[in-house]
Each structure stands twice: as structure tokens, then as C-alpha cells.
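Listing of work-v3.txt, compact mmCIF, C-alpha atoms
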# COMPACT_ATOMS: atom_id res chain seq x y z
CA MET H 23 -16.73 -7.84 4.74
CA GLY H 24 -13.61 -6.75 6.64
CA TYR H 25 -14.18 -9.51 9.19
CA LEU H 26 -14.42 -12.16 6.46
CA HIS H 27 -11.16 -11.03 4.86
CA ALA H 28 -9.50 -10.96 8.29
CA PHE H 29 -10.75 -14.48 8.97
CA ARG H 30 -9.31 -15.68 5.66
CA ALA H 31 -5.99 -13.98 6.39
CA GLY H 32 -5.92 -15.60 9.81
CA ILE H 33 -6.38 -19.05 8.27
CA LEU H 34 -3.55 -18.38 5.83
CA VAL H 35 -1.25 -17.38 8.71
CA LEU H 36 -2.35 -20.46 10.66
CA ARG H 37 -1.33 -22.67 7.73
CA GLY H 38 2.01 -20.95 7.22
CA GLU H 39 0.99 -19.20 3.98
CA HIS H 40 2.38 -15.88 5.17
CA LEU H 41 3.17 -14.29 1.82
CA THR H 42 -0.38 -14.85 0.54
CA ALA H 43 -1.76 -13.55 3.82
CA ALA H 44 0.47 -10.47 3.65
CA THR H 45 -0.76 -9.65 0.14
CA LEU H 46 -4.38 -9.89 1.28
CA LEU H 47 -3.71 -7.81 4.40
CA ASP H 48 -1.95 -5.07 2.43
CA ARG H 49 -5.10 -4.79 0.35
CA ILE H 50 -7.64 -4.70 3.18
CA LEU H 51 -5.84 -2.91 6.04
CA PRO H 52 -6.50 0.67 4.83
CA ALA H 53 -10.25 0.09 4.53
CA VAL H 54 -10.41 -1.78 7.83
CA ARG H 55 -8.57 1.04 9.61
CA ALA H 56 -10.93 3.58 8.05
CA SER H 57 -13.96 1.63 9.29
CA ASN H 58 -12.71 1.96 12.90
CA LEU H 59 -14.74 -1.12 13.86
CA THR H 60 -13.12 -3.18 16.60
CA SER H 61 -14.83 -6.33 15.29
CA SER H 62 -12.88 -5.96 12.03
CA LEU H 63 -9.76 -4.18 13.28
CA LEU H 64 -8.71 -6.69 15.93
CA PRO H 65 -8.78 -9.89 13.84
CA THR H 66 -7.05 -8.04 11.00
CA LEU H 67 -4.29 -6.78 13.30
CA ILE H 68 -3.94 -10.24 14.86
CA ALA H 69 -3.38 -11.73 11.40
CA ALA H 70 -1.00 -8.91 10.43
CA ILE H 71 1.07 -9.41 13.58
CA GLY H 72 1.20 -13.14 12.85
CA CYS H 73 2.57 -12.36 9.38
CA ALA H 74 5.16 -9.96 10.79
CA GLN H 75 6.25 -12.48 13.42
CA ALA H 76 6.65 -15.18 10.78
CA SER H 77 8.75 -12.79 8.68
CA LEU H 78 10.89 -11.91 11.74
CA ASP H 79 10.00 -8.25 11.13
CA ASP H 80 10.33 -6.93 14.68
CA THR H 81 9.72 -3.33 13.62
CA ALA H 82 6.38 -4.22 12.04
CA VAL H 83 5.44 -6.36 15.05
CA ARG H 84 6.06 -3.42 17.42
CA ARG H 85 4.18 -0.97 15.19
CA LEU H 86 1.16 -3.24 14.75
CA THR H 87 1.12 -4.17 18.45
CA GLU H 88 1.05 -0.47 19.36
CA GLN H 89 -1.88 -0.01 16.99
CA MET H 90 -3.66 -2.94 18.62
CA ASP H 91 -3.09 -1.46 22.08
CA LYS H 92 -4.69 1.81 20.95
CA VAL H 93 -7.69 -0.06 19.55
CA LEU H 94 -8.11 -1.90 22.84
CA GLU H 95 -7.82 1.30 24.89
CA SER H 96 -10.50 3.01 22.82
CA ASP H 97 -12.92 0.06 22.76
CA ALA H 98 -15.91 1.05 24.86
CA ASP H 99 -17.64 -2.32 24.42
CA ALA H 100 -15.52 -5.10 25.92
CA SER H 101 -17.65 -7.73 24.18
CA ASP H 102 -16.10 -6.69 20.86
CA SER H 103 -12.49 -7.10 21.97
CA CYS H 104 -12.74 -9.85 24.59
CA GLN H 105 -13.89 -12.44 22.06
CA TYR H 106 -10.30 -12.21 20.76
CA LEU H 107 -8.71 -12.19 24.21
CA SER H 108 -6.76 -15.45 23.75
CA ASP H 109 -4.95 -14.13 20.68
CA VAL H 110 -4.53 -10.70 22.22
CA ALA H 111 -3.04 -12.23 25.38
CA ARG H 112 -0.44 -14.19 23.44
CA ILE H 113 0.56 -11.09 21.47
CA MET H 114 0.54 -8.60 24.33
CA VAL H 115 2.39 -10.82 26.79
CA THR H 116 5.11 -11.38 24.20
CA ALA H 117 5.32 -7.58 23.85
CA GLY H 118 5.56 -7.16 27.63
CA ARG H 119 2.11 -5.55 27.89
CA THR H 120 0.70 -7.76 30.63
CA ASP H 121 -1.18 -4.74 31.99
CA THR H 122 -3.37 -4.69 28.89
CA VAL H 123 -4.21 -8.37 29.33
CA VAL H 124 -5.07 -7.93 33.02
CA ARG H 125 -7.33 -4.98 32.17
CA MET H 126 -9.15 -6.99 29.51
CA ILE H 127 -9.63 -9.96 31.84
CA ASP H 128 -11.20 -7.64 34.41
CA ALA H 129 -13.47 -6.10 31.74
CA ALA H 130 -14.58 -9.36 30.13
CA PRO H 131 -18.32 -10.14 30.37
CA GLN H 132 -18.97 -13.11 32.64
CA GLY H 133 -21.27 -16.09 32.28
CA LEU H 134 -20.88 -16.62 28.52
CA LEU H 135 -18.76 -19.55 27.37
CA LEU H 136 -16.87 -17.66 24.67
CA PHE H 137 -15.69 -15.00 27.11
CA ASP H 138 -15.12 -17.41 30.01
CA ASN H 139 -12.96 -19.66 27.82
CA ASN H 140 -10.94 -16.70 26.54
CA VAL H 141 -10.35 -15.56 30.12
CA LEU H 142 -9.09 -19.04 31.07
CA THR H 143 -6.59 -19.01 28.22
CA ALA H 144 -5.48 -15.45 28.97
CA LYS H 145 -4.91 -16.30 32.64
CA ALA H 146 -2.85 -19.32 31.58
CA VAL H 147 -0.73 -17.17 29.27
CA LEU H 148 -0.14 -14.67 32.07
CA ALA H 149 0.79 -17.40 34.56
CA GLU H 150 3.25 -18.97 32.12
CA SER H 151 4.87 -15.61 31.41
CA ALA H 152 5.24 -15.00 35.16
CA GLY H 153 6.98 -18.36 35.58
CA ASP H 154 4.11 -19.89 37.57
CA LEU H 155 4.27 -23.07 35.51
CA ALA H 156 2.13 -25.30 37.74
CA GLU H 157 -0.70 -22.75 37.75
CA ALA H 158 -0.29 -22.22 34.01
CA ALA H 159 -0.38 -25.95 33.26
CA ASP H 160 -3.57 -26.34 35.28
CA LEU H 161 -5.23 -23.34 33.61
CA TYR H 162 -4.20 -24.50 30.14
CA GLN H 163 -5.70 -27.93 30.79
CA GLN H 164 -8.92 -26.35 32.04
CA ALA H 165 -8.96 -24.17 28.93
CA ALA H 166 -8.35 -27.15 26.63
CA LYS H 167 -11.36 -28.98 28.09
CA ALA H 168 -13.50 -25.84 27.90
CA TRP H 169 -12.56 -25.14 24.27
CA SER H 170 -13.18 -28.80 23.40
CA ARG H 171 -16.71 -28.56 24.79
CA TYR H 172 -17.18 -25.29 22.91
CA GLY H 173 -15.97 -26.85 19.66
CA HIS H 174 -13.01 -24.53 19.00
CA GLN H 175 -10.30 -26.96 17.88
CA LEU H 176 -7.57 -24.39 17.32
CA GLU H 177 -7.81 -22.94 20.82
CA GLU H 178 -8.08 -26.44 22.28
CA ALA H 179 -4.86 -27.41 20.50
CA GLN H 180 -3.04 -24.26 21.59
CA ALA H 181 -4.12 -24.83 25.19
CA LEU H 182 -2.88 -28.44 25.03
CA LEU H 183 0.41 -27.22 23.58
CA GLY H 184 0.71 -24.65 26.37
CA ALA H 185 -0.04 -27.28 29.01
CA GLY H 186 2.49 -29.66 27.49
CA ARG H 187 5.12 -26.94 27.32
CA CYS H 188 4.66 -26.11 31.02
CA GLN H 189 4.52 -29.75 32.10
CA ALA H 190 7.76 -30.44 30.24
CA ARG H 191 9.52 -27.62 32.05
CA LEU H 192 8.18 -28.98 35.34
CA GLU H 193 9.44 -32.45 34.37
CA GLN H 194 5.87 -33.72 34.61
CA PRO H 195 4.01 -35.88 32.04
CA ALA H 196 3.71 -33.80 28.87
CA GLU H 197 3.71 -36.23 25.95
CA PRO H 198 -0.02 -37.17 26.03
CA LEU H 199 -0.96 -33.47 25.91
CA LEU H 200 1.40 -32.75 23.04
CA VAL H 201 0.35 -35.83 21.08
CA LYS H 202 -3.29 -34.77 21.36
CA ALA H 203 -2.39 -31.23 20.28
CA ARG H 204 -0.45 -32.62 17.32
CA ALA H 205 -3.43 -34.68 16.12
CA ILE H 206 -5.67 -31.62 16.10
CA LEU H 207 -3.08 -29.42 14.40
CA ILE H 208 -2.51 -32.01 11.67
CA GLU H 209 -6.25 -32.00 11.00
CA LEU H 210 -6.27 -28.18 10.87
CA ARG H 211 -3.11 -28.08 8.71
CA ALA H 212 -1.73 -25.54 11.18
CA GLN H 213 1.90 -25.99 10.14
CA PRO H 214 3.69 -23.38 12.31
CA LEU H 215 2.00 -24.60 15.50
CA LEU H 216 2.52 -28.19 14.41
CA ASP H 217 6.23 -27.49 13.98
CA GLU H 218 6.37 -26.06 17.51
CA THR H 219 4.57 -29.12 18.88
CA GLU H 220 6.94 -31.50 17.08
CA THR H 221 9.90 -29.59 18.51
CA GLN H 222 8.48 -29.99 22.02
CA LEU H 223 7.94 -33.71 21.48
CA ARG H 224 11.47 -34.21 20.16
CA SER H 225 12.89 -32.42 23.20
CA LEU H 226 11.10 -34.91 25.47
CA ARG H 227 12.71 -37.86 23.73
CA ARG H 228 16.33 -36.72 24.03

Using C-alpha cells, write down the structure from this file.
Amino acid sequence: MGYLHAFRAGILVLRGEHLTAATLLDRILPAVRASNLTSSLLPTLIAAIGCAQASLDDTAVRRLTEQMDKVLESDADASDSCQYLSDVARIMVTAGRTDTVVRMIDAAPQGLLLFDNNVLTAKAVLAESAGDLAEAADLYQQAAKAWSRYGHQLEEAQALLGAGRCQARLEQPAEPLLVKARAILIELRAQPLLDETETQLRSLRR
């Protein structure tokens, strides 16, 4: 049940409905924490951090990110946490915890598409954060194709956005990647990511 509520909260955050998501998360977080199940804790914390970021509540972001780091450190079964590695990478790299992302990449089970795709995205996020934009753009494009084959539109769109962002900074062709990302995000009604994509496209046309 905790996973289903976390999934719903994540969709609300994705669509920019942060206040509704925050109300739901306030209701479910105590029970999810008490369950101590990584499969419920991680997606709930990911959604909660998304809410805090949208509200520009840096204190809450730091507190929730620290909680996430503790959950990841105590997770004995990497298959529970690594299925969320793409989201975790974006959060932890923003928080400066690249060591956590590297550790999870090393621990990720190999040979299964879900984990392999998450590792591709996480490596792209790390490369972008390190300023290795050419490597990041290549990894993001690999990840976009992999997520497309897997059928995960949101991750495909985020990988396309990442690739476009890196290509733009390299002064390489970025518009086709961003236009494709925009089409997917419109379909998903993912307003915050759509806004970011539109901003990137406008910057190309100046």
C-alpha cells in the first residue's frame, strides 16, 4: 500500500501538483518510515524531496536527502534500491553525494534491463556533474534509446532533456532532442520538466 501511495505522490509531483502531493505525503510518511521497507521508503522520499525542491525548502531537502542516504546505506539488497537509481542519482548529485551514486552503480545487479538502464542514466548524471559534457551527452542518448525500448517514457524524456542540455552547452545540435523530449512530456503532462525543456529550447533560439 505504501508503494501505491508513493507512486501516486510521485505522479502529482511530476505534474506540478505539489500541494496535493505534500498533503498525501504528510499522511503516509510516518507509516512508511515505520515499515522500514526500502521498496516503499525510497519512492516516498523521492516524491517528498521533489515536493521540497518545488517549494524551495532547502532545509527539508537536506533533511530528506540525509534520510535517503541512511536508507541506501542500510539496504542489504541492492535490487530494492537500484531500481530507483536514476531518481536517486539526480537527487544525490545535486546534494554533492556523488560517492553514494558511484557505490550504487557498483552494487547494481547486471544483465537486467531495468538495472542496466538505471546505471546508464546514473553514469550520465555523474558525467554531466563532473563537466564531462561529451561523455554525458553520449550516455544520455544511449539511456534515452534504452528507456524507449523498455517503455519508460518519463525516463526517456529526462534522458533526452539531459542530452539536449549537454549538447547545447557544447554548441552541438540539441533542438531535435529537446523537441522529442517536449512531445513526450506534453503527453505525460509533466509540467515542471516541460517548463525546463521549453526554457532550454528558448535559449537555443536567442

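Atom CA of Ala196 of chain H to atom CA of Ile113 of chain H spans 24.1 Å [interatomic distance, one decimal].
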
Have a look at atom CA of Tyr25 of chain H and atom CA of Ile50 of chain H and let me know their distance in Å, one decimal.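 Separating atom CA of Tyr25 of chain H from atom CA of Ile50 of chain H is a distance of 10.1 Å.
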
Quote the spacing between atom CA of Phe29 of chain H and atom CA of Ser62 of chain H in Å to one decimal place.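 We find that atom CA of Phe29 of chain H and atom CA of Ser62 of chain H lie 9.3 Å from each other.
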
Can you tell me, as a VMD selection string, what residues are no more than 12 Å from Glu193 of chain H when counting only C-alpha atoms, ignoring any on the same chain fewer than 3 positions away? chain H and resid 155 to 156 159 186 to 190 196 to 197 225 to 226

Might you pull out every residue within 12 Å of Ala129 of chain H, with only C-alpha atoms counted and same-chain residues fewer than 4 positions away left off, and present them as number ranges by chain? H: 94-95, 97-105, 107, 122-125, 137-138, 141

Next, the residues of the selection above should be written as a JSON list (two decimals), keeping the file's coordinate frame with C-alpha atoms.
[["chain", "number", "residue", "atom", "x", "y", "z"],
["H", 94, "LEU", "CA", -8.11, -1.90, 22.84],
["H", 95, "GLU", "CA", -7.82, 1.30, 24.89],
["H", 97, "ASP", "CA", -12.92, 0.06, 22.76],
["H", 98, "ALA", "CA", -15.91, 1.05, 24.86],
["H", 99, "ASP", "CA", -17.64, -2.32, 24.42],
["H", 100, "ALA", "CA", -15.52, -5.10, 25.92],
["H", 101, "SER", "CA", -17.65, -7.73, 24.18],
["H", 102, "ASP", "CA", -16.10, -6.69, 20.86],
["H", 103, "SER", "CA", -12.49, -7.10, 21.97],
["H", 104, "CYS", "CA", -12.74, -9.85, 24.59],
["H", 105, "GLN", "CA", -13.89, -12.44, 22.06],
["H", 107, "LEU", "CA", -8.71, -12.19, 24.21],
["H", 122, "THR", "CA", -3.37, -4.69, 28.89],
["H", 123, "VAL", "CA", -4.21, -8.37, 29.33],
["H", 124, "VAL", "CA", -5.07, -7.93, 33.02],
["H", 125, "ARG", "CA", -7.33, -4.98, 32.17],
["H", 137, "PHE", "CA", -15.69, -15.00, 27.11],
["H", 138, "ASP", "CA", -15.12, -17.41, 30.01],
["H", 141, "VAL", "CA", -10.35, -15.56, 30.12]]

Contacts of segment 116-118 of chain H within 9 Å, only C-alpha atoms, excl. fewer than 3 positions in-chain, as a list in words: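 Result of the neighbour search: Val83, Arg84, Thr87, Ala111, Arg112, Ile113, Asp121 and Ser151 of chain H.
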
Of the residues H:Asp128, H:Asp91, H:Asp109, H:Asp154, which is the one nearest to Gln180 of chain H, using only C-alpha atoms?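 Looking at the shortest contact to Gln180 of chain H, the residue is H:Asp109.
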
Report, as AutoDock Vina command-line options, the centre and edge lengths in Å (one decimal) of the axis-aligned box enclosing every listed atom of segment 139-155 of chain H, padded by 3 Å on each side.
--center_x -3.0 --center_y -18.9 --center_z 32.1 --size_x 25.9 --size_y 14.4 --size_z 17.0

Between H:Ser108, H:Gln132, H:Gln163, H:Thr221, smallest distance to Leu176 of chain H by all atoms listed in the file belongs to H:Ser108

Which one of H:Gln194, H:Gln213, H:Ser61, H:Asn139 sits closest to Ala181 of chain H if you count all atoms listed in the file? H:Asn139

Pick from H:Val35, H:Ala165, H:Leu136, H:Ala53 nearest to Gln75 of chain H, counting all atoms listed in the file: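 That would be H:Val35, the residue with the smallest distance to Gln75 of chain H.
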
Just checking: using all atoms listed in the file, which residue out of H:Met126, H:Ile71, H:Val147, H:Ala44 ends up closest to Met90 of chain H?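 Smallest distance to Met90 of chain H is found for H:Ile71.
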
Need the shell around Leu67 of chain H: protein/DNA/RNA residues with any atom at most 10 Å away, counting all atoms listed in the file. Skip same-chain ones fewer than 3 positions apart. Format as a list in words? Ala28, Gly32, Leu47, Leu51, Val54, Arg55, Ser62, Leu63, Leu64, Ala70, Ile71, Gly72, Cys73, Val83, Leu86, Thr87, Gln89, Met90, Val93 and Val110 of chain H
